[in-house]
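For reference, query_7.cif (mmCIF, C-alpha atoms):
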data_data
loop_
_atom_site.label_atom_id
_atom_site.label_comp_id
_atom_site.auth_asym_id
_atom_site.auth_seq_id
_atom_site.Cartn_x
_atom_site.Cartn_y
_atom_site.Cartn_z
CA MET A 597 8.45 -28.89 -28.15
CA GLU A 598 9.46 -25.61 -26.54
CA SER A 599 6.46 -23.61 -25.32
CA VAL A 600 5.92 -19.94 -26.11
CA ILE A 601 6.64 -18.98 -22.49
CA GLU A 602 9.85 -21.01 -22.39
CA ASN A 603 10.95 -19.38 -25.64
CA ILE A 604 10.30 -15.90 -24.27
CA TYR A 605 11.96 -16.84 -20.99
CA SER A 606 15.17 -17.83 -22.76
CA LYS A 607 15.20 -14.37 -24.35
CA PHE A 608 14.37 -12.79 -20.97
CA ILE A 609 17.45 -14.46 -19.46
CA SER A 610 19.68 -13.46 -22.37
CA ALA A 611 18.40 -9.87 -22.02
CA ASP A 612 19.77 -9.81 -18.46
CA GLN A 613 16.20 -10.18 -17.16
CA THR A 614 15.14 -6.75 -18.35
CA VAL A 615 11.56 -6.02 -19.41
CA CYS A 616 9.91 -2.77 -20.40
CA THR A 617 6.33 -1.59 -21.02
CA ASP A 618 7.10 2.04 -21.92
CA THR A 619 9.07 3.06 -25.01
CA ARG A 620 10.29 6.15 -23.16
CA LYS A 621 12.24 3.84 -20.85
CA ILE A 622 13.73 1.38 -23.32
CA SER A 623 17.09 -0.15 -22.36
CA ALA A 624 19.38 -1.94 -24.78
CA GLY A 625 18.34 -5.52 -25.42
CA CYS A 626 15.22 -5.46 -23.21
CA LEU A 627 11.94 -7.28 -23.85
CA PHE A 628 9.19 -4.81 -24.71
CA PHE A 629 5.67 -5.94 -23.77
CA ALA A 630 3.08 -4.13 -25.88
CA LEU A 631 0.37 -3.78 -23.25
CA ARG A 632 -2.99 -2.23 -23.99
CA GLY A 633 -4.63 0.46 -21.84
CA GLU A 634 -7.82 2.49 -21.88
CA ASN A 635 -6.20 5.23 -23.96
CA PHE A 636 -3.33 3.47 -25.73
CA ASN A 637 -2.34 0.31 -27.57
CA GLY A 638 1.23 -0.79 -26.95
CA ASN A 639 1.26 -2.59 -30.29
CA ASP A 640 1.41 0.81 -31.96
CA PHE A 641 4.82 1.36 -30.38
CA ALA A 642 6.34 -2.08 -30.95
CA ILE A 643 8.41 -1.15 -34.02
CA ASP A 644 9.56 2.02 -32.28
CA SER A 645 10.72 -0.04 -29.28
CA ILE A 646 12.93 -2.14 -31.58
CA LYS A 647 14.37 0.99 -33.20
CA LYS A 648 15.17 2.36 -29.75
CA GLY A 649 17.13 -0.75 -28.82
CA ALA A 650 14.73 -3.36 -27.45
CA GLY A 651 15.88 -6.89 -28.20
CA TYR A 652 12.37 -8.19 -28.76
CA ALA A 653 8.80 -6.91 -28.74
CA ILE A 654 5.94 -9.11 -27.54
CA VAL A 655 2.75 -8.12 -29.38
CA ASP A 656 -0.82 -9.40 -29.76
CA ASP A 657 -1.95 -7.61 -32.93
CA GLU A 658 -2.70 -10.21 -35.60
CA ASN A 659 -1.59 -7.76 -38.29
CA PHE A 660 1.99 -8.32 -37.19
CA LYS A 661 3.86 -11.12 -38.86
CA PRO A 662 6.28 -12.95 -36.55
CA ASP A 663 9.95 -12.33 -37.30
CA GLU A 664 13.22 -12.48 -35.41
CA ARG A 665 12.40 -9.46 -33.25
CA LEU A 666 8.58 -9.58 -32.99
CA ILE A 667 6.92 -12.33 -30.95
CA VAL A 668 3.19 -12.55 -31.60
CA VAL A 669 1.08 -13.98 -28.75
CA HIS A 670 -2.65 -14.25 -28.08
CA ASP A 671 -2.64 -11.81 -25.11
CA VAL A 672 0.37 -9.72 -24.09
CA LEU A 673 -0.85 -9.13 -20.52
CA LYS A 674 -1.47 -12.82 -19.85
CA THR A 675 1.90 -13.64 -21.39
CA LEU A 676 3.59 -11.15 -19.03
CA GLN A 677 1.79 -12.73 -16.07
CA GLN A 678 2.64 -16.29 -17.16
CA LEU A 679 6.28 -15.33 -17.70
CA ALA A 680 6.39 -13.88 -14.17
CA THR A 681 5.02 -17.11 -12.67
CA PHE A 682 7.45 -19.20 -14.75
CA HIS A 683 10.35 -17.06 -13.49
CA ARG A 684 9.11 -17.29 -9.90
CA ARG A 685 9.18 -21.09 -10.16
CA GLN A 686 12.83 -21.09 -11.21
CA LEU A 687 13.83 -19.33 -7.99
CA LYS A 688 14.35 -20.54 -4.44
CA THR A 689 13.18 -17.16 -3.16
CA LYS A 690 10.62 -17.31 -0.34
CA MET A 691 7.57 -15.21 -1.20
CA ILE A 692 5.68 -13.18 1.40
CA ALA A 693 2.49 -11.60 0.05
CA LEU A 694 0.54 -8.93 1.86
CA THR A 695 -2.64 -7.01 1.23
CA GLY A 696 -5.17 -5.04 3.29
CA SER A 697 -7.29 -1.91 3.24
CA ASN A 698 -4.82 0.25 5.17
CA GLY A 699 -1.16 0.15 6.07
CA LYS A 700 0.04 -2.44 3.57
CA THR A 701 2.77 -0.28 2.01
CA THR A 702 4.16 0.84 5.39
CA THR A 703 4.01 -2.76 6.65
CA LYS A 704 5.76 -3.98 3.51
CA GLU A 705 8.54 -1.43 4.00
CA LEU A 706 8.96 -2.36 7.68
CA ILE A 707 9.06 -6.10 6.93
CA ASN A 708 11.66 -5.53 4.24
CA ALA A 709 13.71 -3.27 6.52
CA VAL A 710 13.80 -5.98 9.21
CA LEU A 711 14.42 -8.99 6.97
CA SER A 712 17.17 -7.19 5.06
CA GLN A 713 19.23 -7.21 8.27
CA LYS A 714 19.82 -10.92 7.68
CA PHE A 715 18.77 -11.76 4.12
CA ASN A 716 19.16 -10.51 0.58
CA THR A 717 15.60 -9.24 0.09
CA HIS A 718 13.52 -7.56 -2.57
CA ALA A 719 10.23 -5.73 -2.10
CA THR A 720 7.57 -4.13 -4.27
CA GLN A 721 8.72 -0.73 -5.48
CA GLY A 722 6.35 2.23 -5.55
CA ASN A 723 2.79 1.26 -6.42
CA LEU A 724 3.62 -1.82 -8.54
CA ASN A 725 1.01 -3.88 -6.72
CA ASN A 726 -1.62 -4.67 -9.36
CA HIS A 727 -2.11 -7.13 -12.24
CA ILE A 728 0.78 -5.48 -14.11
CA GLY A 729 2.91 -4.33 -11.17
CA VAL A 730 3.10 -7.72 -9.42
CA PRO A 731 4.40 -9.51 -12.56
CA LEU A 732 6.96 -6.74 -13.09
CA THR A 733 8.04 -7.06 -9.45
CA LEU A 734 8.47 -10.82 -9.83
CA LEU A 735 10.43 -10.41 -13.05
CA SER A 736 12.83 -8.04 -11.26
CA LEU A 737 13.81 -10.82 -8.84
CA LYS A 738 17.30 -12.30 -9.16
CA SER A 739 18.40 -15.76 -8.09
CA SER A 740 20.40 -14.11 -5.29
CA HIS A 741 17.24 -12.82 -3.59
CA GLU A 742 16.40 -15.01 -0.61
CA ILE A 743 13.07 -13.41 0.39
CA ALA A 744 10.64 -11.25 -1.56
CA VAL A 745 7.94 -9.08 0.01
CA ILE A 746 5.14 -8.69 -2.53
CA GLU A 747 2.43 -6.07 -1.98
CA MET A 748 -0.96 -6.83 -3.55
CA GLY A 749 -3.51 -4.10 -4.13
CA ALA A 750 -7.08 -4.54 -5.35
CA ASN A 751 -10.32 -2.65 -5.83
CA HIS A 752 -12.47 -5.56 -7.06
CA GLN A 753 -13.12 -9.11 -6.02
CA LYS A 754 -11.03 -11.84 -7.69
CA GLU A 755 -8.00 -9.53 -8.08
CA ILE A 756 -6.13 -10.89 -5.05
CA GLU A 757 -7.01 -14.39 -6.22
CA LEU A 758 -5.36 -13.64 -9.58
CA LEU A 759 -2.29 -12.02 -8.02
CA SER A 760 -1.87 -14.97 -5.65
CA LYS A 761 -1.92 -17.39 -8.58
CA ILE A 762 0.70 -15.30 -10.34
CA ALA A 763 3.05 -14.87 -7.37
CA GLU A 764 2.40 -18.22 -5.65
CA PRO A 765 3.31 -16.91 -2.16
CA ASP A 766 4.60 -19.20 0.58
CA PHE A 767 3.53 -16.79 3.34
CA GLY A 768 0.80 -14.18 3.63
CA LEU A 769 -0.46 -11.28 5.70
CA ILE A 770 -3.62 -9.16 5.63
CA THR A 771 -3.10 -5.92 7.54
CA ASN A 772 -6.81 -5.23 8.09
CA ILE A 773 -10.22 -5.00 6.43
CA GLY A 774 -11.60 -1.48 6.13
CA LYS A 775 -13.90 0.75 4.10
CA ALA A 776 -11.68 1.08 1.05
CA HIS A 777 -12.75 0.81 -2.61
CA LEU A 778 -16.32 0.10 -1.52
CA GLU A 779 -17.61 0.94 -5.00
CA GLY A 780 -15.49 -1.70 -6.74
CA PHE A 781 -15.82 -4.37 -4.05
CA GLY A 782 -19.58 -3.88 -3.69
CA GLY A 783 -19.59 -2.90 -0.01
CA ILE A 784 -17.73 -4.01 3.10
CA GLU A 785 -18.71 -7.67 2.70
CA GLY A 786 -17.14 -7.56 -0.74
CA VAL A 787 -13.95 -6.11 0.77
CA LYS A 788 -13.80 -9.03 3.24
CA LYS A 789 -14.26 -11.56 0.47
CA GLY A 790 -11.80 -9.85 -1.85
CA LYS A 791 -8.98 -9.41 0.66
CA GLY A 792 -9.69 -12.88 2.10
CA GLU A 793 -8.72 -14.40 -1.24
CA LEU A 794 -5.11 -14.33 -0.03
CA TYR A 795 -6.03 -16.55 2.93
CA ASP A 796 -8.00 -18.80 0.57
CA TYR A 797 -4.94 -19.32 -1.62
CA LEU A 798 -2.63 -20.02 1.33
CA LYS A 799 -5.08 -22.54 2.78
CA LYS A 800 -5.22 -24.41 -0.53
CA THR A 801 -1.43 -24.51 -0.83
CA ASN A 802 -0.58 -25.14 2.85
CA GLY A 803 1.08 -21.74 3.15
CA LYS A 804 1.80 -19.91 6.39
CA ILE A 805 -0.44 -17.06 7.57
CA PHE A 806 0.80 -14.25 9.81
CA LEU A 807 -2.36 -13.19 11.65
CA HIS A 808 -3.12 -9.96 13.47
CA ALA A 809 -5.12 -11.90 16.03
CA ASP A 810 -6.68 -8.85 17.74
CA ASP A 811 -8.75 -8.35 14.60
CA ALA A 812 -12.08 -10.20 14.80
CA ILE A 813 -12.69 -9.99 11.05
CA LEU A 814 -9.30 -11.49 10.21
CA ASN A 815 -9.80 -14.23 12.80
CA LYS A 816 -13.09 -15.16 11.18
CA LEU A 817 -11.58 -15.16 7.69
CA CYS A 818 -8.72 -17.34 8.91
CA GLY A 819 -11.14 -19.82 10.49
CA ASP A 820 -9.66 -22.95 11.99
CA TYR A 821 -6.63 -23.00 9.69
CA ALA A 822 -3.74 -24.40 11.70
CA SER A 823 -0.64 -23.02 10.01
CA ILE A 824 -0.64 -19.53 11.51
CA ILE A 825 1.65 -17.29 13.52
CA THR A 826 -0.24 -14.80 15.67
CA TYR A 827 0.65 -11.30 16.81
CA GLY A 828 -1.22 -8.65 18.76
CA SER A 829 -1.86 -7.40 22.29
CA SER A 830 -2.69 -10.66 24.10
CA LYS A 831 -0.07 -12.64 25.96
CA ASN A 832 -1.58 -15.77 24.43
CA PHE A 833 -0.36 -14.79 20.95
CA ASP A 834 2.98 -15.92 19.51
CA PHE A 835 4.18 -12.31 19.56
CA THR A 836 2.79 -9.68 21.91
CA GLY A 837 3.27 -5.93 21.93
CA THR A 838 2.11 -2.81 23.73
CA ILE A 839 2.51 0.89 22.99
CA GLU A 840 5.18 2.47 25.15
CA GLU A 841 5.05 5.99 23.68
CA SER A 842 3.09 7.58 20.85
CA LYS A 843 4.07 11.26 20.63
CA PRO A 844 5.49 12.35 18.34
CA PHE A 845 6.63 8.90 17.17
CA LEU A 846 5.48 5.43 18.06
CA GLN A 847 7.55 3.29 20.43
CA ILE A 848 6.46 -0.23 21.33
CA ASN A 849 7.68 -3.05 23.52
CA TRP A 850 7.28 -6.64 22.43
CA TYR A 851 8.04 -10.17 23.49
CA SER A 852 7.49 -13.66 22.18
CA LYS A 853 5.59 -16.48 23.82
CA ASN A 854 8.86 -18.37 24.21
CA ASN A 855 10.64 -15.44 25.83
CA SER A 856 8.75 -13.03 28.08
CA GLU A 857 11.67 -10.58 28.28
CA LYS A 858 10.40 -7.33 26.75
CA GLU A 859 12.25 -5.54 23.98
CA ILE A 860 11.68 -1.86 23.22
CA VAL A 861 11.80 -0.57 19.65
CA SER A 862 11.28 3.02 18.51
CA SER A 863 10.08 4.15 15.11
CA ASN A 864 9.87 7.22 12.92
CA LEU A 865 6.14 6.67 12.39
CA THR A 866 3.30 8.64 13.87
CA GLY A 867 -0.09 7.16 14.74
CA ASN A 868 -1.19 4.38 17.08
CA TYR A 869 -2.58 2.62 14.00
CA ASN A 870 1.03 1.83 13.06
CA PHE A 871 1.36 -0.38 16.14
CA GLU A 872 0.10 -3.46 14.31
CA ASN A 873 2.28 -2.65 11.28
CA ILE A 874 5.43 -2.53 13.40
CA LEU A 875 4.46 -5.66 15.32
CA ALA A 876 3.87 -7.53 12.05
CA ALA A 877 7.45 -6.74 11.03
CA VAL A 878 8.70 -7.90 14.44
CA CYS A 879 6.71 -11.13 14.16
CA ILE A 880 7.93 -11.96 10.65
CA GLY A 881 11.50 -10.97 11.48
CA LYS A 882 11.59 -13.30 14.48
CA TYR A 883 9.95 -16.12 12.52
CA PHE A 884 12.78 -15.93 9.97
CA GLY A 885 15.43 -15.79 12.68
CA VAL A 886 16.43 -12.14 12.65
CA GLU A 887 18.11 -11.29 15.96
CA LYS A 888 16.46 -8.70 18.21
CA GLU A 889 19.25 -6.23 17.46
CA GLY A 890 18.52 -6.58 13.74
CA ILE A 891 14.81 -6.05 14.29
CA LYS A 892 15.50 -2.94 16.33
CA LYS A 893 17.92 -1.57 13.73
CA GLY A 894 15.59 -2.26 10.81
CA ILE A 895 12.58 -0.54 12.35
CA GLU A 896 14.46 2.37 13.89
CA ASN A 897 16.31 3.13 10.64
CA TYR A 898 13.14 3.17 8.54
CA VAL A 899 12.10 6.74 7.78
CA PRO A 900 8.84 7.19 5.85
CA SER A 901 9.21 9.33 2.76
CA ASN A 902 6.13 8.29 0.83
CA GLN A 903 3.47 10.69 2.16
CA ARG A 904 2.33 8.11 4.69
CA SER A 905 2.53 8.85 8.43
CA GLN A 906 5.22 11.49 7.89
CA VAL A 907 5.87 14.17 10.48
CA VAL A 908 7.49 17.35 9.13
CA LYS A 909 8.45 20.46 11.08
CA LYS A 910 8.29 23.71 9.15
CA ASN A 911 8.77 27.09 10.81
CA SER A 912 6.55 26.99 13.92
CA ASN A 913 4.17 24.30 12.63
CA THR A 914 4.17 20.51 12.85
CA PHE A 915 2.70 18.76 9.80
CA ILE A 916 1.31 15.24 9.78
CA LEU A 917 1.39 14.26 6.11
CA ASP A 918 -0.80 11.31 5.23
CA TYR A 919 -2.13 12.16 1.80
CA TYR A 920 -1.00 9.22 -0.30
CA ASN A 921 -4.55 7.89 -0.03
CA ALA A 922 -7.65 7.95 2.15
CA ASN A 923 -10.75 5.93 2.96
CA PRO A 924 -13.23 6.15 5.86
CA SER A 925 -11.28 3.70 8.03
CA SER A 926 -7.91 5.39 7.61
CA MET A 927 -9.43 8.88 7.89
CA GLU A 928 -11.09 8.07 11.20
CA ALA A 929 -7.91 6.47 12.57
CA ALA A 930 -5.83 9.48 11.53
CA LEU A 931 -8.26 11.94 13.16
CA LEU A 932 -8.50 10.03 16.43
CA ASN A 933 -4.72 9.80 16.59
CA PHE A 934 -4.50 13.53 15.81
CA GLU A 935 -6.86 14.32 18.68
CA LYS A 936 -5.04 12.10 21.15
CA ASN A 937 -1.39 12.80 20.44
CA TYR A 938 -1.19 16.45 19.42
CA SER A 939 -1.91 19.06 22.06
CA GLU A 940 -1.07 22.26 20.18
CA LYS A 941 -3.58 24.23 18.17
CA LYS A 942 -4.95 21.68 15.72
CA ILE A 943 -5.86 22.26 12.08
CA ALA A 944 -7.33 19.49 9.90
CA ILE A 945 -7.09 19.81 6.11
CA LEU A 946 -8.95 16.88 4.57
CA GLY A 947 -9.62 15.93 0.96
CA ASP A 948 -12.38 13.77 -0.49
CA MET A 949 -12.33 9.99 -0.08
CA LEU A 950 -12.82 8.44 -3.51
CA GLU A 951 -14.23 5.14 -4.84
CA LEU A 952 -16.94 4.82 -2.18
CA GLY A 953 -19.90 4.45 -4.54
CA ASP A 954 -23.31 4.63 -2.88
CA GLU A 955 -21.66 4.96 0.54
CA SER A 956 -19.85 8.19 -0.35
CA GLU A 957 -22.35 10.75 0.96
CA ARG A 958 -22.88 8.96 4.27
CA GLU A 959 -19.17 8.34 4.87
CA HIS A 960 -18.19 11.95 4.20
CA LEU A 961 -20.93 13.17 6.52
CA ASN A 962 -19.69 10.73 9.19
CA ILE A 963 -16.24 12.33 9.01
CA ILE A 964 -17.74 15.81 9.37
CA GLU A 965 -19.77 14.67 12.39
CA LEU A 966 -16.62 13.16 13.92
CA LEU A 967 -14.72 16.41 13.37
CA LYS A 968 -17.38 18.34 15.28
CA LYS A 969 -16.68 16.20 18.34
CA LEU A 970 -12.92 16.75 18.23
CA ASN A 971 -10.89 19.63 19.56
CA VAL A 972 -9.86 20.99 16.16
CA GLU A 973 -9.55 24.75 15.80
CA GLU A 974 -9.81 24.98 12.00
CA ILE A 975 -11.31 22.43 9.59
CA ILE A 976 -10.65 22.80 5.86
CA LEU A 977 -12.53 20.32 3.65
CA VAL A 978 -11.50 19.92 0.03
CA GLY A 979 -13.42 18.39 -2.88
CA LYS A 980 -16.95 18.00 -4.23
CA ASN A 981 -17.86 15.09 -1.92
CA PHE A 982 -17.27 17.20 1.18
CA ASN A 983 -18.49 20.34 -0.58
CA GLN A 984 -21.99 18.93 -1.10
CA PHE A 985 -22.59 19.65 2.60
CA SER A 986 -21.54 23.31 2.45
CA ASN A 987 -25.13 24.53 2.01
CA LYS A 988 -26.79 21.78 4.07
CA LEU A 989 -24.67 22.54 7.11
CA ASN A 990 -24.71 26.27 6.35
CA PRO A 991 -21.64 27.27 8.38
CA ARG A 992 -22.20 30.60 10.08
CA LYS A 993 -19.84 33.50 9.59
CA GLY A 994 -16.78 32.98 11.72
CA SER A 995 -17.24 29.22 11.71
CA ASN A 996 -14.16 27.02 11.84
CA LEU A 997 -15.58 24.85 9.03
CA HIS A 998 -14.39 25.79 5.52
CA PHE A 999 -15.39 24.13 2.23
CA LEU A 1000 -13.16 24.44 -0.85
CA ASN A 1001 -13.67 22.86 -4.29
CA ASN A 1002 -10.12 21.67 -4.93
CA SER A 1003 -6.55 21.79 -3.67
CA ASP A 1004 -5.77 24.96 -5.66
CA GLU A 1005 -8.62 26.81 -3.94
CA ALA A 1006 -7.50 25.43 -0.59
CA ASN A 1007 -3.95 26.58 -1.31
CA THR A 1008 -5.15 30.12 -2.02
CA PHE A 1009 -7.35 30.15 1.10
CA ILE A 1010 -4.56 28.89 3.37
CA GLN A 1011 -2.10 31.50 2.09
CA LYS A 1012 -4.43 34.18 3.44
CA GLN A 1013 -4.41 32.65 6.92
CA ASN A 1014 -1.71 32.96 9.52
CA PHE A 1015 -1.33 29.48 10.93
CA LEU A 1016 1.41 29.54 13.57
CA ASN A 1017 2.43 27.14 16.34
CA ALA A 1018 -0.06 24.60 15.08
CA SER A 1019 -0.28 20.88 14.42
CA ILE A 1020 -1.65 20.42 10.92
CA LEU A 1021 -3.03 17.14 9.57
CA ILE A 1022 -3.22 16.86 5.77
CA LYS A 1023 -5.02 13.80 4.43
CA GLY A 1024 -7.06 12.87 1.36
CA SER A 1025 -7.25 10.60 -1.65
CA ARG A 1026 -4.57 10.90 -4.30
CA GLY A 1027 -7.03 12.31 -6.84
CA LEU A 1028 -7.33 15.47 -4.74
CA LYS A 1029 -3.60 16.26 -5.08
CA MET A 1030 -3.31 17.20 -1.43
CA GLU A 1031 0.47 17.54 -1.81
CA LYS A 1032 -0.23 20.97 -3.31
CA ILE A 1033 -1.41 22.13 0.10
CA MET A 1034 2.16 22.18 1.39
CA GLU A 1035 2.98 24.87 -1.17
CA ALA A 1036 0.79 27.25 0.83
CA PHE A 1037 3.14 26.98 3.78
#
Once you've parsed the file, please lay out its structure as structure tokens.
Amino acid sequence: MESVIENIYSKFISADQTVCTDTRKISAGCLFFALRGENFNGNDFAIDSIKKGAGYAIVDDENFKPDERLIVVHDVLKTLQQLATFHRRQLKTKMIALTGSNGKTTTKELINAVLSQKFNTHATQGNLNNHIGVPLTLLSLKSSHEIAVIEMGANHQKEIELLSKIAEPDFGLITNIGKAHLEGFGGIEGVKKGKGELYDYLKKTNGKIFLHADDAILNKLCGDYASIITYGSSKNFDFTGTIEESKPFLQINWYSKNNSEKEIVSSNLTGNYNFENILAAVCIGKYFGVEKEGIKKGIENYVPSNQRSQVVKKNSNTFILDYYNANPSSMEAALLNFEKNYSEKKIAILGDMLELGDESEREHLNIIELLKKLNVEEIILVGKNFNQFSNKLNPRKGSNLHFLNNSDEANTFIQKQNFLNASILIKGSRGLKMEKIMEAF
């Protein structure tokens, strides 16, 4: 007897593998999945999706009676996830999963850029890295794709475990463990456990782990698992790299244990913290047999355009744009890189770091204390988490420390300044809308 998933899959194939979760984006013949959210119920739009051209609507409202176009299931989200896993099992595509507190999107893009020099690849688009995004990414895979690079995001324990079971990766990578989503994970130990769920899955399934072996936390999480490929700064690792140049863009040299001849590769990324991201792409590229020329071309042709590690010149100023997201680990790394690699007049414009729970006050104060030690001419802090210290610190008149409530206030303040010939770092969590700051310039 044909199962519900097999039945839906046959319709998925006949619909040219097209699924949709938004009636504003319906394409002819697609499968509409009536997902539920905090403020909406996709079931309410199921009939409308059919009228707009969807081939079928998958719903989980018991008031619907099954007919030729409506498929009633127990749980639409679980059905979407199960369909994605079923599709993944029909493919010969090799799956590389990656997660981490910082750098996972940049690393994903670099890995894809390198592997695409030899293979037909597919990688997570945008921020489709959660319990809905990963299934949608898997369902967008075609039989022609040889390798898929799947980004997995999480802000609670057990999420990476779920995503791993859905995607069933053959290979995995954790970029790092940092102070991100501390509220949801329940502290740094919760982050370790949550991100380590990818390693746990790969160990159970005899998958391959690409390990940043300089990282003591990742080494401990990996334990004595044997099926690993190591990369980092030690000559004892499978792939070794060092920073050749870091201003304005990162250039590294690398070599493998089997060949000590060094290769130099340049990038369009700023920040020493991108060293390990680039080396991960080198490591994975070499493992899959990409020639050194392909690795060089892939990395050197990758230009960030996603508000991560971007360097933009405008008039007399140099902007370091890193405001896609922020947490204490990435904020500290960005500031230390800013101090080290930019010699002009420095201006730091920083927005709140969100989802830190009970650690929020301490972590924001830590960033302020770090800023005091750095050679930064003007410091503009945006958001209520930073702003709580405006009275406690009581900046004197003429101080270089400025507190603003939101990005609109910061925009107005900056327009009244005359920042010229400066290096300007803009960083903060997405909720602060730090992209508005650029309007002031």
Explicit residue set for the PyMOL selection byres ((chain A and resi 808-823) around 9), as a list in words: Leu769, Ile770, Thr771, Asn772, Ile773, Lys788, Lys789, Gly792, Tyr795, Asp796, Lys799, Asn802, Gly803, Lys804, Ile805, Phe806, Leu807, Ile824, Ile825, Thr826, Tyr827, Gly828, Ser829, Ser830, Phe833, Glu872, Leu875 and Ala876 of chain A
Separation of CA of Ala763 in chain A from CA of Pro662 in chain A in Å: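 Going from CA of Pro662 in chain A over to CA of Ala763 in chain A covers 29.4 Å.
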Which residue of A:Lys754, A:Lys892, A:Lys831, A:Lys761 approaches Gln713 in chain A most closely, using only C-alpha atoms: A:Lys892
Interatomic distance (Å, one decimal) between CA of Ala630 in chain A and CA of Pro765 in chain A: 26.9 Å
Result set of the PyMOL selection byres ((chain A and resi 734) around 8) on the coordinates above, as a list in words: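 Matching residues under the PyMOL selection byres ((chain A and resi 734) around 8) are Ala680, Thr681, His683, Arg684, Val730, Pro731, Leu732, Thr733, Leu735, Ser736, Leu737 and Ala763 of chain A.
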Interatomic distance (Å, one decimal) between CA of Glu658 in chain A and CA of Val672 in chain A: 11.9 Å
Shell of 10 Å around range 1007-1021 of chain A, all atoms listed in the file, local chain residues under 5 positions omitted, as a ChimeraX atom specification: /A:907-919,930-931,934,938-946,972-976,998,1000,1002,1030,1032-1037
Please produce a file of those selected residues containing C-alpha atoms, as a compact mmCIF listing (two decimals), keeping the file's coordinate frame.
# COMPACT_ATOMS: atom_id res chain seq x y z
CA VAL A 907 5.87 14.17 10.48
CA VAL A 908 7.49 17.35 9.13
CA LYS A 909 8.45 20.46 11.08
CA LYS A 910 8.29 23.71 9.15
CA ASN A 911 8.77 27.09 10.81
CA SER A 912 6.55 26.99 13.92
CA ASN A 913 4.17 24.30 12.63
CA THR A 914 4.17 20.51 12.85
CA PHE A 915 2.70 18.76 9.80
CA ILE A 916 1.31 15.24 9.78
CA LEU A 917 1.39 14.26 6.11
CA ASP A 918 -0.80 11.31 5.23
CA TYR A 919 -2.13 12.16 1.80
CA ALA A 930 -5.83 9.48 11.53
CA LEU A 931 -8.26 11.94 13.16
CA PHE A 934 -4.50 13.53 15.81
CA TYR A 938 -1.19 16.45 19.42
CA SER A 939 -1.91 19.06 22.06
CA GLU A 940 -1.07 22.26 20.18
CA LYS A 941 -3.58 24.23 18.17
CA LYS A 942 -4.95 21.68 15.72
CA ILE A 943 -5.86 22.26 12.08
CA ALA A 944 -7.33 19.49 9.90
CA ILE A 945 -7.09 19.81 6.11
CA LEU A 946 -8.95 16.88 4.57
CA VAL A 972 -9.86 20.99 16.16
CA GLU A 973 -9.55 24.75 15.80
CA GLU A 974 -9.81 24.98 12.00
CA ILE A 975 -11.31 22.43 9.59
CA ILE A 976 -10.65 22.80 5.86
CA HIS A 998 -14.39 25.79 5.52
CA LEU A 1000 -13.16 24.44 -0.85
CA ASN A 1002 -10.12 21.67 -4.93
CA MET A 1030 -3.31 17.20 -1.43
CA LYS A 1032 -0.23 20.97 -3.31
CA ILE A 1033 -1.41 22.13 0.10
CA MET A 1034 2.16 22.18 1.39
CA GLU A 1035 2.98 24.87 -1.17
CA ALA A 1036 0.79 27.25 0.83
CA PHE A 1037 3.14 26.98 3.78
Residue IDs satisfying the PyMOL selection byres ((chain A and resi 878) around 10), as a PyMOL selection string: chain A and resi 706-707+710-711+827+835-837+850-852+861+872-877+879-883+886+888+890-892+894-895
Given all atoms listed in the file as the counted atoms, nearest of A:Thr619, A:Gln686, A:Asn659, A:Thr866 to Glu602 in chain A: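 Distance minimum relative to Glu602 in chain A lands on A:Gln686.
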Spatial sel., origin (15.5, 1.9, -30.7), limit 9 Å, only C-alpha atoms, listed as a ChimeraX atom specification: /A:619,622-624,643-650
Please produce a file of those selected residues containing C-alpha atoms, as a PDB file, in the frame of the given file.
ATOM      1  CA  THR A 619       9.070   3.060 -25.010  1.00  0.00           C
ATOM      2  CA  ILE A 622      13.730   1.380 -23.320  1.00  0.00           C
ATOM      3  CA  SER A 623      17.090  -0.150 -22.360  1.00  0.00           C
ATOM      4  CA  ALA A 624      19.380  -1.940 -24.780  1.00  0.00           C
ATOM      5  CA  ILE A 643       8.410  -1.150 -34.020  1.00  0.00           C
ATOM      6  CA  ASP A 644       9.560   2.020 -32.280  1.00  0.00           C
ATOM      7  CA  SER A 645      10.720  -0.040 -29.280  1.00  0.00           C
ATOM      8  CA  ILE A 646      12.930  -2.140 -31.580  1.00  0.00           C
ATOM      9  CA  LYS A 647      14.370   0.990 -33.200  1.00  0.00           C
ATOM     10  CA  LYS A 648      15.170   2.360 -29.750  1.00  0.00           C
ATOM     11  CA  GLY A 649      17.130  -0.750 -28.820  1.00  0.00           C
ATOM     12  CA  ALA A 650      14.730  -3.360 -27.450  1.00  0.00           C
TER      13      ALA A 650
END
Glu742 in chain A environment, 10 Å, only C-alpha atoms, sequence neighbours closer than 6 positions dropped, as a list in words: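 Once the adjacent positions are removed, what remains is Leu687, Lys688, Thr689, Lys690, Met691, Leu711, Ser712, Lys714, Phe715, Asn716, Thr717 and His718 of chain A.
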Exercise: residues within 12 Å of coordinate (-9.8, -9.7, -2.0), counting all atoms listed in the file, as a VMD selection string: chain A and resid 694 to 697 748 to 760 770 772 to 774 776 to 778 780 to 782 784 to 797 817
Shell around Glu779 in chain A at 9 Å using all atoms listed in the file, local window under 4 positions removed, as an MDAnalysis selection string: chainID A and resid 751:752 783 951:956
Nearest to Phe628 in chain A, chosen from A:Glu928, A:Lys607, A:Glu747, A:Gly651, with all atoms listed in the file counted in the distances: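 Checking each of A:Glu928, A:Lys607, A:Glu747, A:Gly651 against Phe628 in chain A, counting all atoms listed in the file, the winner is A:Gly651.
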